[in-house]
Amino acid sequence: MIVAGLMTGTSADALDVALVEFHLDGPADQPDLKMDLRAFQEVPFASDLALDILRLLEPDPVPLSLVSSVDRRLGQLCADAVAAACGQTGLECDLVVSHGQTVRHDVHEGTVESTLQLGQPAWIAERLGVPVLSDLRARDVAAGGQGAPLAGMLDHLLLVGGDEPRAMLNLGGIANVTVVSPRTDTVAFDTGPANALIDVMARRITGDPRAFDRDGAMAARGQVDEALLADLLADPYYARPAPKSTGKELFHGPYLDVHLTRHPGLDPYDVIATLTRLTARTVAQACLPLGVSEIAVSGGGTRNPTLMAELRAELGAGVPVSTTDEAFGLPSEAKEGCLMALLGWLSWHGLPATVPRVTGATHGTLAGRFTPGAEPLRLPEPLSTGPARLNVVS
């Protein structure tokens with residue numbers, strides 16, 4: 001089965017398109033799931049769409065017409081992107097899984113009350129003629145979970161079976177980590193901002209509303225301000241126990257300004273250096289108490305050598321840091337697209353796509369809702385047993 005996994009994250013810069021082939025292998029009672037990444041593309045957003053998405057991610061009120069417009073345009077972009085990927089590779093997908101753009105993830109006193117992703121799946125189903133799975137977080141939220149991080153399922157299946165606790169970390173707009181241990185239940189949660197606040201300062205420094213700290217060059221020019229760092233680290237979110245999740249509803253420009261007003265006159269490069277240290281410090285503070293022996297990292301943050309160096313320094317020499325490319329043969333930039341494809345494969349076969357002990361839900365749930373393609377929706381007979389492990393075919 002070939003599944004197209006589509007992901008656009010909290011950095012809101014591009015659409016990831018992964019064409020992934022799955023097949024089961026091994027004994028029926030504990031099969032392995034083989035995952036073969038057949039093709040991957042990053043499709044940059046047009047400037048007008050990117051700026052409108054970024055506007056939706058700010059805390060200010062927006063007109064409903066903007067929400068509706070982004071929903072349509074992102075759905076059309078997804079349809080065009082999958083059609084192009086299939087045309088260029090000669091592959092045909094059996095299912096498309098579209099995460100959409102998260103524009104709200106509302107958390108009140110640690111409980112997720114609602115989550116909203118845009119990117120109308122009907123455009124994809126109409127263009128491709130195949131079923132589309134979308135709205136992957138809401139069912140877990142309805143079951144009492146955080147709806148995040150969805151990566152817990154893929155990470156668990158990749159890491160299970162080790163002798164020591166191991167972790168997978170994704171550095172997108174928000175950082176999320178999964179820790180799999182032979183002695184305790186799997187844990188996964190959002191540690192806090194990854195690039196979210198760094199991007200805010202990069203855009204202020206350059207005047208470019210879509211800028212980011214390319215190669216960590218801006219942070220490398222500055223010095224960490226310890227007083228500002230201590231102030232940022234005092235945010236109550238970091239002390240909350242898992243399961244927990246967060247987003248740009250918390251970590252945005254006005255949030256940063258509240259802290260900067262208490263530390264006036266700082267050099268902008270010192271601020272961005274401090275925010276880079278904040279990401280590394282909060283990841284380390286989340287991982288070290290869980291006894292992790294090694295960490296594999298994915299996401300846009302892997303392209304920031306200053307951030308990666310800070311992360312290694314905070315974790316110490318006893319916790320080696322690699323990328324998912326190095327550890328599993330899974331390209332770090334393609335991991336979240338592969339994750340979407342995996343969740344689609346599981347839901348297609350009637351298997352829970354969330355880990356309740358990770359999200360805090362009362363039970364595991366199938367992820368998302370299906371939009372039929374050109375033909376009536378026909379699901380296969382549900383599998384009675386899910387895969388015990390996930391193996392990347394290189």
# chains A, B, ... in the order shown; residues from 1 in each chain; ligands from 1
$ residues_around --residues "segment 375-391 of chain A" --least-positions-apart "2" --cutoff "9 Å" --atoms "only C-alpha atoms" --output "PyMOL selection string"
chain A and resi 24+28-36+129-131+154-161+328+346+348-352+370-373+393
$ residues_around --residues "Leu278 of chain A" --least-positions-apart "3" --cutoff "10 Å" --atoms "only C-alpha atoms" --output "list in words"
Gly192, Pro193, Ala194, Leu197, Ile198, Val224, Leu228, Leu229, Ala230, Leu232, Leu233, Ile272, Ala273, Thr274, Leu275, Arg281, Thr282, Val283, Ala284, Leu307, Glu310 and Leu311 of chain A
$ write_last_selection --atoms "C-alpha atoms" --output "PDB file, in the first residue's frame"
ATOM      1  CA  GLY A 192       8.371  23.970  24.590  1.00  0.00           C
ATOM      2  CA  PRO A 193       9.457  26.208  21.710  1.00  0.00           C
ATOM      3  CA  ALA A 194      11.999  24.987  19.169  1.00  0.00           C
ATOM      4  CA  LEU A 197      10.551  32.309  19.311  1.00  0.00           C
ATOM      5  CA  ILE A 198      13.823  32.164  17.346  1.00  0.00           C
ATOM      6  CA  VAL A 224      23.361  34.529  26.015  1.00  0.00           C
ATOM      7  CA  LEU A 228      16.570  36.913  30.318  1.00  0.00           C
ATOM      8  CA  LEU A 229      17.123  33.159  30.094  1.00  0.00           C
ATOM      9  CA  ALA A 230      16.203  32.677  33.749  1.00  0.00           C
ATOM     10  CA  LEU A 232      12.012  32.683  30.234  1.00  0.00           C
ATOM     11  CA  LEU A 233      12.728  29.402  32.010  1.00  0.00           C
ATOM     12  CA  ILE A 272      18.219  35.334  19.602  1.00  0.00           C
ATOM     13  CA  ALA A 273      21.244  33.623  21.160  1.00  0.00           C
ATOM     14  CA  THR A 274      19.321  33.412  24.432  1.00  0.00           C
ATOM     15  CA  LEU A 275      16.255  31.964  22.718  1.00  0.00           C
ATOM     16  CA  ARG A 281      17.990  23.942  27.820  1.00  0.00           C
ATOM     17  CA  THR A 282      14.295  23.037  27.961  1.00  0.00           C
ATOM     18  CA  VAL A 283      14.846  19.946  25.802  1.00  0.00           C
ATOM     19  CA  ALA A 284      17.702  18.824  28.060  1.00  0.00           C
ATOM     20  CA  LEU A 307      21.099  25.124  18.001  1.00  0.00           C
ATOM     21  CA  GLU A 310      23.794  24.137  22.168  1.00  0.00           C
ATOM     22  CA  LEU A 311      21.714  20.972  22.444  1.00  0.00           C
TER      23      LEU A 311
END
$ select_by_dssp --residues "segment 67-229 of chain A" --states "helix (DSSP H, G or I)" --output "ChimeraX atom specification"
/A:67-89,121-128,138-142,152-159,196-206,214-221,226-229
$ closest_atom_pairs --of "segment 79-113 of chain A" --to "segment 43-54 of chain A" --cutoff "12 Å" --atoms "only C-alpha atoms" --output "tab-separated table"
residue	atom	partner	partner_atom	distance
A:Ala79	CA	A:Val43	CA	11.8
A:Asp80	CA	A:Val43	CA	10.1
A:Ala81	CA	A:Val43	CA	7.2
A:Val82	CA	A:Val43	CA	10.1
A:Ala84	CA	A:Val43	CA	10.4
A:Ala85	CA	A:Val43	CA	10.2
A:Gly100	CA	A:Ile53	CA	11.3
A:Gln101	CA	A:Ile53	CA	8.1
A:Thr102	CA	A:Ile53	CA	9.4
A:Val103	CA	A:Ile53	CA	7.8
A:Arg104	CA	A:Ile53	CA	11.4
$ residues_around --residues "segment 173-176 of chain A" --least-positions-apart "2" --cutoff "9 Å" --atoms "only C-alpha atoms" --output "PyMOL selection string"
chain A and resi 9-12+148-149+151+168-171+178+188-199+245-248+251+279+283+300-301
$ write_last_selection --atoms "N, CA, C and O atoms" --output "tab-separated table (two decimals), in the first residue's frame"
chain	number	residue	atom	x	y	z
A	9	GLY	N	3.89	22.21	9.41
A	9	GLY	CA	4.03	22.37	10.85
A	9	GLY	C	3.86	23.80	11.32
A	9	GLY	O	3.45	24.69	10.57
A	10	THR	N	4.24	24.03	12.57
A	10	THR	CA	4.05	25.33	13.18
A	10	THR	C	5.01	26.38	12.65
A	10	THR	O	4.83	27.56	12.92
A	11	SER	N	6.03	25.98	11.89
A	11	SER	CA	6.88	26.98	11.25
A	11	SER	C	6.21	27.58	10.03
A	11	SER	O	6.61	28.66	9.57
A	12	ALA	N	5.21	26.89	9.47
A	12	ALA	CA	4.37	27.42	8.39
A	12	ALA	C	5.20	27.94	7.22
A	12	ALA	O	4.94	29.03	6.71
A	148	ALA	N	-1.67	15.45	20.85
A	148	ALA	CA	-0.26	15.70	20.52
A	148	ALA	C	0.60	15.09	21.63
A	148	ALA	O	0.13	14.93	22.76
A	149	PRO	N	1.87	14.79	21.32
A	149	PRO	CA	2.40	14.78	19.96
A	149	PRO	C	2.03	13.49	19.24
A	149	PRO	O	2.14	12.39	19.81
A	151	ALA	N	3.62	12.16	16.98
A	151	ALA	CA	4.85	11.41	16.66
A	151	ALA	C	5.09	10.25	17.60
A	151	ALA	O	5.90	9.37	17.31
A	168	MET	N	13.58	10.27	20.69
A	168	MET	CA	13.51	10.94	19.40
A	168	MET	C	12.96	12.33	19.64
A	168	MET	O	11.99	12.52	20.39
A	169	LEU	N	13.58	13.31	19.00
A	169	LEU	CA	13.25	14.72	19.21
A	169	LEU	C	12.97	15.36	17.87
A	169	LEU	O	13.73	15.16	16.91
A	170	ASN	N	11.88	16.10	17.79
A	170	ASN	CA	11.60	16.88	16.58
A	170	ASN	C	11.68	18.36	16.90
A	170	ASN	O	11.05	18.84	17.86
A	171	LEU	N	12.46	19.08	16.12
A	171	LEU	CA	12.64	20.52	16.31
A	171	LEU	C	11.98	21.27	15.16
A	171	LEU	O	12.60	21.57	14.15
A	178	THR	N	9.97	12.03	22.35
A	178	THR	CA	9.44	10.72	22.74
A	178	THR	C	10.57	9.93	23.39
A	178	THR	O	11.67	9.86	22.83
A	188	ALA	N	5.81	10.82	25.75
A	188	ALA	CA	6.04	11.80	24.69
A	188	ALA	C	5.28	13.07	25.02
A	188	ALA	O	4.15	13.02	25.54
A	189	PHE	N	5.88	14.22	24.72
A	189	PHE	CA	5.24	15.49	25.04
A	189	PHE	C	5.99	16.62	24.34
A	189	PHE	O	7.12	16.45	23.86
A	190	ASP	N	5.34	17.78	24.26
A	190	ASP	CA	5.99	18.99	23.76
A	190	ASP	C	6.85	19.57	24.88
A	190	ASP	O	6.35	19.82	25.99
A	191	THR	N	8.13	19.79	24.59
A	191	THR	CA	9.01	20.35	25.62
A	191	THR	C	8.91	21.86	25.70
A	191	THR	O	9.24	22.44	26.74
A	192	GLY	N	8.44	22.52	24.63
A	192	GLY	CA	8.37	23.97	24.59
A	192	GLY	C	8.71	24.45	23.19
A	192	GLY	O	8.60	23.71	22.22
A	193	PRO	N	9.14	25.70	23.05
A	193	PRO	CA	9.46	26.21	21.71
A	193	PRO	C	10.74	25.59	21.17
A	193	PRO	O	11.68	25.32	21.91
A	194	ALA	N	10.76	25.33	19.87
A	194	ALA	CA	12.00	24.99	19.17
A	194	ALA	C	12.41	26.22	18.38
A	194	ALA	O	13.24	27.01	18.81
A	195	ASN	N	11.77	26.44	17.22
A	195	ASN	CA	12.10	27.60	16.40
A	195	ASN	C	11.08	28.74	16.54
A	195	ASN	O	11.30	29.82	15.97
A	196	ALA	N	10.00	28.53	17.27
A	196	ALA	CA	8.92	29.51	17.29
A	196	ALA	C	9.40	30.90	17.71
A	196	ALA	O	9.15	31.90	17.01
A	197	LEU	N	10.09	30.99	18.84
A	197	LEU	CA	10.55	32.31	19.31
A	197	LEU	C	11.81	32.76	18.56
A	197	LEU	O	12.01	33.96	18.34
A	198	ILE	N	12.65	31.82	18.16
A	198	ILE	CA	13.82	32.16	17.35
A	198	ILE	C	13.37	32.83	16.06
A	198	ILE	O	13.95	33.85	15.62
A	199	ASP	N	12.33	32.30	15.42
A	199	ASP	CA	11.82	32.89	14.18
A	199	ASP	C	11.30	34.30	14.42
A	199	ASP	O	11.48	35.19	13.56
A	245	SER	N	0.98	19.48	25.94
A	245	SER	CA	1.25	19.99	24.59
A	245	SER	C	1.08	21.49	24.59
A	245	SER	O	0.45	22.07	25.48
A	246	THR	N	1.67	22.12	23.60
A	246	THR	CA	1.62	23.57	23.51
A	246	THR	C	1.73	23.97	22.04
A	246	THR	O	1.76	23.13	21.15
A	247	GLY	N	1.78	25.27	21.79
A	247	GLY	CA	1.86	25.76	20.42
A	247	GLY	C	2.10	27.25	20.39
A	247	GLY	O	2.48	27.86	21.40
A	248	LYS	N	1.87	27.83	19.22
A	248	LYS	CA	2.08	29.27	19.08
A	248	LYS	C	0.98	30.09	19.74
A	248	LYS	O	1.06	31.31	19.76
A	251	PHE	N	3.57	30.55	22.66
A	251	PHE	CA	4.91	31.05	22.34
A	251	PHE	C	4.88	31.86	21.04
A	251	PHE	O	5.10	31.33	19.94
A	279	THR	N	15.74	26.88	23.91
A	279	THR	CA	15.27	25.65	23.28
A	279	THR	C	16.12	24.47	23.73
A	279	THR	O	15.60	23.42	24.14
A	283	VAL	N	14.80	21.33	26.28
A	283	VAL	CA	14.85	19.95	25.80
A	283	VAL	C	15.67	19.09	26.77
A	283	VAL	O	15.26	18.00	27.17
A	300	GLY	N	13.33	20.97	11.17
A	300	GLY	CA	14.11	22.08	10.64
A	300	GLY	C	15.26	22.50	11.54
A	300	GLY	O	16.26	23.04	11.06
A	301	GLY	N	15.13	22.26	12.84
A	301	GLY	CA	16.20	22.65	13.76
A	301	GLY	C	17.50	21.94	13.52
A	301	GLY	O	18.56	22.42	13.93
$ closest_residue --among "A:Ala334, A:Ala227, A:Ala374, A:Leu266" --to "Trp123 of chain A" --atoms "only C-alpha atoms"
A:Ala374
$ atom_distance --atom1 "atom CA of Gly299 of chain A" --atom2 "atom CA of Arg210 of chain A"
17.4 Å
$ select_by_dssp --residues "segment 251-333 of chain A" --states "strand (DSSP E or B)" --output "PyMOL selection string"
chain A and resi 294-298+321-323
$ closest_residue --among "A:Ala125, A:Leu91, A:Val112, A:Val180" --to "Ala138 of chain A" --atoms "only C-alpha atoms"
A:Val112
$ residues_around --residues "Gly216 of chain A" --least-positions-apart "4" --cutoff "7 Å" --atoms "only C-alpha atoms" --output "mmCIF file with C-alpha atoms, in the first residue's frame"
data_model
loop_
_atom_site.group_PDB
_atom_site.id
_atom_site.type_symbol
_atom_site.label_atom_id
_atom_site.label_comp_id
_atom_site.auth_asym_id
_atom_site.auth_seq_id
_atom_site.Cartn_x
_atom_site.Cartn_y
_atom_site.Cartn_z
ATOM 1 C CA ALA A 220 26.230 32.752 16.738
ATOM 2 C CA ASN A 304 20.752 25.095 12.602
ATOM 3 C CA PRO A 305 24.285 24.153 13.713
ATOM 4 C CA THR A 306 24.233 26.706 16.546
ATOM 5 C CA LEU A 307 21.099 25.124 18.001
#
